[in-house]
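Next up, my_file.tsv (TSV, C-alpha atoms):
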```
chain	number	residue	atom	x	y	z
Z	1	MET	CA	38.92	-110.16	-75.85
Z	2	ASP	CA	38.03	-108.13	-72.77
Z	3	PRO	CA	40.31	-105.31	-71.57
Z	4	ILE	CA	43.15	-106.49	-69.38
Z	5	THR	CA	43.08	-105.63	-65.68
Z	6	ARG	CA	45.60	-104.79	-63.00
Z	7	GLU	CA	44.70	-108.01	-61.19
Z	8	GLN	CA	45.70	-110.07	-64.20
Z	9	LEU	CA	49.03	-108.33	-64.66
Z	10	VAL	CA	49.91	-108.38	-60.97
Z	11	SER	CA	49.16	-112.11	-60.82
Z	12	ILE	CA	51.72	-112.60	-63.60
Z	13	MET	CA	54.25	-110.03	-62.37
Z	14	PRO	CA	53.72	-109.18	-58.68
Z	15	GLU	CA	56.67	-106.77	-58.86
Z	16	CYS	CA	54.62	-104.38	-61.04
Z	17	ASP	CA	51.95	-103.78	-58.38
Z	18	HIS	CA	53.16	-100.27	-57.50
Z	19	VAL	CA	53.44	-99.00	-61.08
Z	20	ILE	CA	50.96	-100.87	-63.23
Z	21	ASP	CA	47.99	-98.52	-62.81
Z	22	ALA	CA	49.81	-95.93	-64.92
Z	23	TYR	CA	50.06	-98.40	-67.82
Z	24	ILE	CA	46.68	-100.13	-67.88
Z	25	PRO	CA	44.67	-97.52	-69.86
Z	26	PHE	CA	47.42	-97.10	-72.45
Z	27	LEU	CA	47.89	-100.85	-72.83
Z	28	ASN	CA	44.20	-101.39	-73.52
Z	29	GLU	CA	44.10	-98.47	-75.92
Z	30	ALA	CA	47.18	-99.61	-77.83
Z	31	PHE	CA	46.11	-103.26	-77.86
Z	32	GLU	CA	42.96	-102.23	-79.71
Z	33	ARG	CA	44.81	-99.94	-82.11
Z	34	PHE	CA	47.51	-102.45	-83.01
Z	35	GLU	CA	45.29	-105.55	-82.90
Z	36	ILE	CA	47.05	-107.20	-79.99
Z	37	ASN	CA	43.59	-108.51	-79.34
Z	38	THR	CA	43.67	-112.25	-78.70
Z	39	PRO	CA	44.75	-114.13	-75.58
Z	40	GLU	CA	47.75	-115.55	-77.44
Z	41	ARG	CA	48.92	-112.13	-78.61
Z	42	VAL	CA	48.45	-110.47	-75.23
Z	43	ALA	CA	50.23	-113.32	-73.41
Z	44	ALA	CA	53.25	-113.10	-75.70
Z	45	PHE	CA	53.36	-109.30	-75.50
Z	46	VAL	CA	53.17	-109.24	-71.70
Z	47	ALA	CA	55.86	-111.92	-71.40
Z	48	GLN	CA	58.30	-110.18	-73.73
Z	49	THR	CA	57.76	-106.63	-72.47
Z	50	GLY	CA	57.67	-107.87	-68.88
Z	51	HIS	CA	61.18	-109.19	-69.30
Z	52	GLU	CA	62.46	-106.20	-71.27
Z	53	SER	CA	61.21	-103.74	-68.66
Z	54	THR	CA	61.94	-105.77	-65.50
Z	55	ARG	CA	58.23	-106.36	-64.88
Z	56	TYR	CA	57.34	-102.81	-66.00
Z	57	THR	CA	59.50	-101.29	-63.25
Z	58	ARG	CA	62.47	-100.21	-65.38
Z	59	ILE	CA	61.81	-98.60	-68.76
Z	60	GLU	CA	65.26	-97.13	-69.29
Z	61	GLU	CA	68.26	-99.21	-70.31
Z	62	ASN	CA	70.70	-99.99	-67.51
Z	63	LEU	CA	74.21	-99.47	-68.85
Z	64	ASN	CA	76.01	-99.36	-65.52
Z	65	TYR	CA	78.35	-102.27	-66.28
Z	66	SER	CA	81.44	-103.40	-64.42
Z	67	ALA	CA	84.60	-104.11	-66.40
Z	68	ASN	CA	83.84	-107.84	-66.38
Z	69	GLY	CA	80.25	-107.13	-67.38
Z	70	LEU	CA	81.45	-105.13	-70.37
Z	71	LEU	CA	83.72	-107.95	-71.50
Z	72	ARG	CA	80.89	-110.49	-71.22
Z	73	THR	CA	78.19	-108.35	-72.82
Z	74	PHE	CA	80.12	-106.34	-75.40
Z	75	PRO	CA	83.25	-108.36	-76.21
Z	76	ASN	CA	83.57	-106.72	-79.62
Z	77	TYR	CA	83.82	-103.23	-78.14
Z	78	PHE	CA	86.07	-103.65	-75.11
Z	79	SER	CA	89.32	-105.38	-74.24
Z	80	PRO	CA	90.77	-106.22	-70.82
Z	81	GLU	CA	92.78	-103.02	-71.17
Z	82	THR	CA	89.92	-100.66	-72.16
Z	83	ALA	CA	87.04	-102.10	-70.12
Z	84	PRO	CA	88.23	-100.62	-66.77
Z	85	LEU	CA	88.27	-97.17	-68.39
Z	86	PHE	CA	84.54	-97.43	-69.15
Z	87	ALA	CA	83.33	-99.40	-66.11
Z	88	TYR	CA	80.37	-97.81	-64.29
Z	89	LYS	CA	80.22	-94.94	-66.79
Z	90	PRO	CA	76.88	-95.53	-68.55
Z	91	GLN	CA	77.09	-92.51	-70.84
Z	92	LYS	CA	80.54	-93.42	-72.13
Z	93	ILE	CA	79.48	-97.04	-72.56
Z	94	ALA	CA	76.39	-96.13	-74.59
Z	95	ASN	CA	78.32	-93.75	-76.80
Z	96	ARG	CA	80.89	-96.47	-77.53
Z	97	VAL	CA	78.64	-99.47	-78.20
Z	98	TYR	CA	75.87	-97.64	-80.08
Z	99	ALA	CA	78.08	-95.42	-82.25
Z	100	ASN	CA	77.66	-95.55	-86.03
Z	101	ARG	CA	74.67	-97.86	-85.83
Z	102	GLY	CA	70.98	-97.39	-86.54
Z	103	GLY	CA	71.40	-93.83	-87.73
Z	104	ASN	CA	73.57	-92.80	-84.77
Z	105	GLY	CA	76.64	-90.65	-85.28
Z	106	ASN	CA	80.13	-91.47	-84.07
Z	107	GLU	CA	81.20	-91.94	-80.49
Z	108	ASP	CA	81.75	-88.21	-79.95
Z	109	SER	CA	78.26	-87.32	-81.21
Z	110	GLY	CA	76.60	-88.50	-78.01
Z	111	ASP	CA	73.87	-90.25	-79.99
Z	112	GLY	CA	74.50	-93.57	-78.26
Z	113	TRP	CA	73.48	-92.12	-74.91
Z	114	LYS	CA	70.76	-89.88	-76.32
Z	115	PHE	CA	69.05	-92.75	-78.12
Z	116	ARG	CA	69.67	-95.54	-75.59
Z	117	GLY	CA	66.94	-98.05	-74.83
Z	118	ARG	CA	63.70	-96.66	-73.44
Z	119	GLY	CA	60.11	-97.87	-73.17
Z	120	LEU	CA	58.58	-101.27	-72.54
Z	121	ILE	CA	60.50	-102.81	-75.43
Z	122	GLN	CA	63.67	-100.70	-75.19
Z	123	LEU	CA	63.44	-98.49	-78.27
Z	124	THR	CA	67.08	-97.93	-79.32
Z	125	PHE	CA	68.97	-95.96	-82.01
Z	126	GLN	CA	68.17	-92.67	-83.71
Z	127	ARG	CA	66.53	-94.30	-86.72
Z	128	ALA	CA	64.14	-96.26	-84.51
Z	129	TYR	CA	63.21	-93.14	-82.52
Z	130	MET	CA	62.60	-91.24	-85.75
Z	131	GLY	CA	60.44	-93.97	-87.28
Z	132	ALA	CA	58.33	-94.45	-84.16
Z	133	SER	CA	57.95	-90.71	-83.79
Z	134	LYS	CA	56.74	-90.28	-87.35
Z	135	ARG	CA	54.26	-93.14	-87.16
Z	136	LEU	CA	52.90	-92.29	-83.71
Z	137	THR	CA	52.93	-88.47	-83.72
Z	138	ASP	CA	53.04	-87.61	-87.45
Z	139	ASP	CA	56.26	-85.72	-86.75
Z	140	ALA	CA	59.62	-87.44	-87.09
Z	141	GLN	CA	61.23	-84.88	-84.79
Z	142	THR	CA	59.08	-85.40	-81.69
Z	143	PHE	CA	61.16	-88.17	-80.09
Z	144	LEU	CA	64.40	-86.93	-81.62
Z	145	GLU	CA	64.04	-83.60	-79.86
Z	146	ASP	CA	62.92	-85.16	-76.57
Z	147	PRO	CA	63.79	-88.88	-76.33
Z	148	ASN	CA	62.73	-88.91	-72.68
Z	149	LEU	CA	59.11	-88.72	-73.80
Z	150	VAL	CA	59.42	-92.48	-74.27
Z	151	LEU	CA	59.82	-92.78	-70.50
Z	152	GLN	CA	56.25	-91.59	-70.02
Z	153	PRO	CA	53.81	-94.52	-69.63
Z	154	GLU	CA	51.78	-93.40	-72.65
Z	155	TRP	CA	54.74	-93.48	-75.04
Z	156	ALA	CA	56.51	-96.37	-73.32
Z	157	VAL	CA	53.47	-98.47	-74.21
Z	158	ARG	CA	52.77	-97.03	-77.65
Z	159	THR	CA	56.34	-97.36	-78.89
Z	160	ALA	CA	56.38	-100.99	-77.78
Z	161	CYS	CA	53.09	-101.75	-79.52
Z	162	GLU	CA	54.20	-99.86	-82.62
Z	163	TYR	CA	57.41	-101.92	-82.74
Z	164	TRP	CA	55.32	-105.06	-82.30
Z	165	ASP	CA	53.12	-104.04	-85.22
Z	166	VAL	CA	55.87	-102.91	-87.61
Z	167	ASN	CA	57.74	-106.18	-87.10
Z	168	ASN	CA	54.61	-108.34	-87.50
Z	169	LEU	CA	55.12	-109.95	-84.10
Z	170	ASN	CA	51.46	-110.95	-83.85
Z	171	ASP	CA	52.25	-113.61	-86.44
Z	172	TYR	CA	54.69	-115.31	-84.06
Z	173	ALA	CA	52.28	-115.02	-81.14
Z	174	ASP	CA	49.44	-116.53	-83.19
Z	175	ARG	CA	51.42	-119.71	-83.80
Z	176	ASN	CA	51.75	-120.10	-80.02
Z	177	THR	CA	54.60	-122.62	-79.91
Z	178	ASP	CA	57.90	-122.75	-78.08
Z	179	VAL	CA	59.77	-122.51	-81.39
Z	180	GLU	CA	57.88	-119.41	-82.48
Z	181	PHE	CA	58.28	-117.81	-79.06
Z	182	ARG	CA	62.03	-118.26	-79.43
Z	183	ASN	CA	61.83	-116.70	-82.89
Z	184	LEU	CA	59.83	-113.84	-81.38
Z	185	THR	CA	62.56	-113.36	-78.79
Z	186	ARG	CA	65.17	-113.12	-81.53
Z	187	LYS	CA	63.13	-110.45	-83.30
Z	188	ILE	CA	63.06	-108.36	-80.14
Z	189	ASN	CA	66.44	-109.10	-78.60
Z	190	GLY	CA	68.58	-110.03	-81.58
Z	191	GLY	CA	69.37	-113.28	-79.77
Z	192	LEU	CA	67.98	-115.38	-76.94
Z	193	ARG	CA	69.17	-113.38	-73.94
Z	194	GLY	CA	66.84	-113.89	-70.96
Z	195	LEU	CA	64.94	-116.70	-72.67
Z	196	ASP	CA	64.29	-118.68	-69.48
Z	197	ASP	CA	62.71	-115.65	-67.80
Z	198	ARG	CA	60.69	-114.81	-70.90
Z	199	MET	CA	59.41	-118.38	-71.07
Z	200	ASP	CA	58.51	-118.32	-67.38
Z	201	LEU	CA	56.49	-115.14	-67.85
Z	202	TRP	CA	54.88	-116.56	-70.97
Z	203	GLY	CA	53.68	-119.62	-69.11
Z	204	LYS	CA	52.17	-117.46	-66.38
Z	205	ALA	CA	50.58	-115.11	-68.90
Z	206	LYS	CA	49.04	-118.01	-70.81
Z	207	ALA	CA	47.58	-119.34	-67.58
Z	208	VAL	CA	45.87	-116.00	-67.02
Z	209	PHE	CA	44.79	-115.00	-70.52
Z	210	ILE	CA	44.33	-118.33	-72.32
Z	211	LEU	CA	43.50	-120.89	-69.64
Z	212	ALA	CA	41.96	-118.41	-67.16
Z	213	GLY	CA	43.70	-120.23	-64.33
Z	214	ASP	CA	46.08	-119.54	-61.49
Z	215	PRO	CA	49.58	-118.87	-62.89
Z	216	ASN	CA	51.30	-120.51	-59.93
Z	217	GLU	CA	49.25	-123.66	-60.27
Z	218	TYR	CA	49.82	-123.69	-64.01
Z	219	MET	CA	53.58	-123.39	-63.73
Z	220	ALA	CA	53.66	-126.11	-61.07
Z	221	SER	CA	51.68	-128.41	-63.32
Z	222	THR	CA	54.00	-127.82	-66.27
Z	223	THR	CA	56.95	-128.73	-64.07
Z	224	THR	CA	55.51	-132.00	-62.77
Z	225	GLU	CA	53.45	-132.96	-65.81
Z	226	PRO	CA	54.89	-131.35	-68.94
Z	227	GLN	CA	52.29	-130.13	-71.41
Z	228	THR	CA	52.40	-130.95	-75.12
Z	229	GLY	CA	50.59	-129.63	-78.12
Z	230	GLY	CA	48.63	-126.44	-78.54
Z	231	ASP	CA	49.76	-124.48	-75.50
Z	232	GLY	CA	53.33	-124.46	-76.77
Z	233	HIS	CA	54.96	-126.33	-73.85
Z	234	ALA	CA	57.06	-129.36	-74.61
```
Here is the file; what I need is its structure written in the form of structure tokens.
Amino acid sequence: MDPITREQLVSIMPECDHVIDAYIPFLNEAFERFEINTPERVAAFVAQTGHESTRYTRIEENLNYSANGLLRTFPNYFSPETAPLFAYKPQKIANRVYANRGGNGNEDSGDGWKFRGRGLIQLTFQRAYMGASKRLTDDAQTFLEDPNLVLQPEWAVRTACEYWDVNNLNDYADRNTDVEFRNLTRKINGGLRGLDDRMDLWGKAKAVFILAGDPNEYMASTTTEPQTGGDGHA
């Protein structure tokens, strides 16, 4: 398919208008490298990464939770007694919830904060940073020594596309159904958090990349006259 353009992405995610120019060349480069090269694949990728990165405007994990937010989001790590001690302390929160997972050390190691989510698909955990670094730079230490490299548009895009490739996410996108989009969400998120927003973005992205139409008109039509069959809407 043709290279994607800023006009296409802004029509799907107007909020990205002020940042998207920094991503366009790297997206097109990485799409070719990792074979995200059909309308179905691009639509699914844009929808999922658009949600994960708040429409490409936030590529660093927000861990600034209130006490109630901690209890809702991480009930296995906080109690009503401990949550207030961690509220609005992102570094302490990351070190608690990401300790002893994915190659991270214990809570005192600081690995949870060091290897918190970054990039368009929220690369998280030391092992994931190491693997992406080795595959993308031929040096496993590159991202370990400077995790903030993943905040640069170049690496924010490439790490997301590399994750997409390693996890065979094109296969889910190719099937282009609601069920497979939910399965794709689970592969990225571990659950279905934010599914409604992801689905909304997916519908708009399909209007642009698959149907070559107006995303607002497409979403209105799917609300009043639900689609069935090949476009994945029930």
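For the residues Z:Phe78, Z:Tyr172, Z:Tyr163, Z:Trp155, ranking by smallest atom-to-atom distance to Z:Glu29 using all atoms listed in the file places Z:Trp155 first.
If you count only C-alpha atoms and draw a sphere of 9 Å around (73.5, -93.9, -68.4), the protein and nucleic acid residues inside it come out as Z:Glu60, Z:Glu61, Z:Asn62, Z:Leu63, Z:Asn64, Z:Tyr88, Z:Lys89, Z:Pro90, Z:Gln91, Z:Lys92, Z:Ile93, Z:Ala94, Z:Trp113, Z:Arg116.
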Please report, as AutoDock Vina command-line options, the centre and edge lengths in Å to one decimal of an axis-aligned box covering all listed atoms of stretch 60-69 of chain Z with 4 Å per side.
```
--center_x 74.9 --center_y -102.5 --center_z -67.4 --size_x 27.3 --size_y 18.7 --size_z 13.9
```
Exercise: residues within 12 Å of coordinate (42.5, -105.8, -63.1), counting only C-alpha atoms, as a count of residues only: 19
Would you pick out the contacts of Z:Gly117 at 8 Å or less, using all atoms listed in the file, so that residues sharing its chain but fewer than 3 positions from it are not included, and give the list as a VMD selection string? chain Z and resid 59 to 61 122 to 125
Mind running stretch 6-72 of chain Z against stretch 187-205 of chain Z at 6 Å and telling me each contacting residue's nearest atom pair with the distance in Å (one decimal), counting all atoms listed in the file, chain and number ascending, as a Markdown table?
```
| residue | atom | partner | partner_atom | distance |
| --- | --- | --- | --- | --- |
| Z:Ile12 | CA | Z:Lys204 | CA | 5.6 |
| Z:Ala43 | CA | Z:Ala205 | CA | 4.9 |
| Z:Ala47 | CA | Z:Trp202 | CA | 4.8 |
| Z:Gln48 | CA | Z:Arg198 | CA | 5.9 |
| Z:His51 | CA | Z:Arg198 | CA | 5.9 |
```
With C-alpha atoms retained, export the selected residues as a CSV table (one decimal), in the frame of the given file.
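Heads up, here's the output in again16.csv:
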```
chain,number,residue,atom,x,y,z
Z,12,ILE,CA,51.7,-112.6,-63.6
Z,43,ALA,CA,50.2,-113.3,-73.4
Z,47,ALA,CA,55.9,-111.9,-71.4
Z,48,GLN,CA,58.3,-110.2,-73.7
Z,51,HIS,CA,61.2,-109.2,-69.3
```
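Between atom CA of Z:Ser53 and atom CA of Z:Leu27 the interatomic distance comes to 14.3 Å.
Atom to atom, atom CA of Z:Met1 and atom CA of Z:Arg58 stand 27.6 Å apart.
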Separation of atom CA of Z:Leu169 and atom CA of Z:Leu184, in Å? 6.7 Å
Can you tell me, as a VMD selection string, what residues are no more than 12 Å from Z:Glu81 when counting only C-alpha atoms, ignoring any on the same chain fewer than 3 positions away? chain Z and resid 67 to 68 70 to 71 77 to 78 84 to 87
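Considering the residues Z:Met130, Z:Leu136, Z:Leu211, Z:Cys161 and counting only C-alpha atoms, Z:Thr49 has its shortest atom-to-atom contact with Z:Cys161.
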Counting all atoms listed in the file, which of Z:Asn176, Z:Ser109, Z:Thr142, Z:Thr185 gets nearest to Z:Thr38? Z:Asn176
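The protein and nucleic acid residues lying at most 7 Å from Z:Arg158 are Z:Ala30, Z:Glu154, Z:Glu162, with all atoms listed in the file considered and sequence neighbours fewer than 4 positions away removed.
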Could you check which of Z:Asn95, Z:Thr177, Z:Ser66, Z:Thr159 is closest to Z:Ile121, using all atoms listed in the file? Z:Thr159
When you look at Z:Glu15 with a cut-off of 9 Å (counting only C-alpha atoms), what residues show up, excluding the ones that are within fewer than 5 positions of it in the same chain? I need them as a ChimeraX atom specification. /Z:10,54-57
Could the residues in this selection be written to a file with C-alpha atoms, as a PDB file, in the coordinates of the input?
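Below you can see again23.pdb, which holds the result:
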```
ATOM      1  CA  VAL Z  10      49.910-108.380 -60.970  1.00  0.00           C
ATOM      2  CA  THR Z  54      61.940-105.770 -65.500  1.00  0.00           C
ATOM      3  CA  ARG Z  55      58.230-106.360 -64.880  1.00  0.00           C
ATOM      4  CA  TYR Z  56      57.340-102.810 -66.000  1.00  0.00           C
ATOM      5  CA  THR Z  57      59.500-101.290 -63.250  1.00  0.00           C
TER       6      THR Z  57
END
```
Counting all atoms listed in the file, the option among Z:Gly110, Z:Val166, Z:Ala22, Z:Thr137 closest to Z:Phe34: Z:Val166
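Omitting Z:Ala99 and its sequence neighbours fewer than 6 positions away, and counting only C-alpha atoms, the residues within 8 Å are Gly105, Asn106, Glu107, Asp111 and Gly112 of chain Z.
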Would you mind exporting the chosen residues as a PDB file, in the frame of the given file, restricted to C-alpha atoms?
```pdb
ATOM      1  CA  GLY Z 105      76.640 -90.650 -85.280  1.00  0.00           C
ATOM      2  CA  ASN Z 106      80.130 -91.470 -84.070  1.00  0.00           C
ATOM      3  CA  GLU Z 107      81.200 -91.940 -80.490  1.00  0.00           C
ATOM      4  CA  ASP Z 111      73.870 -90.250 -79.990  1.00  0.00           C
ATOM      5  CA  GLY Z 112      74.500 -93.570 -78.260  1.00  0.00           C
TER       6      GLY Z 112
END
```
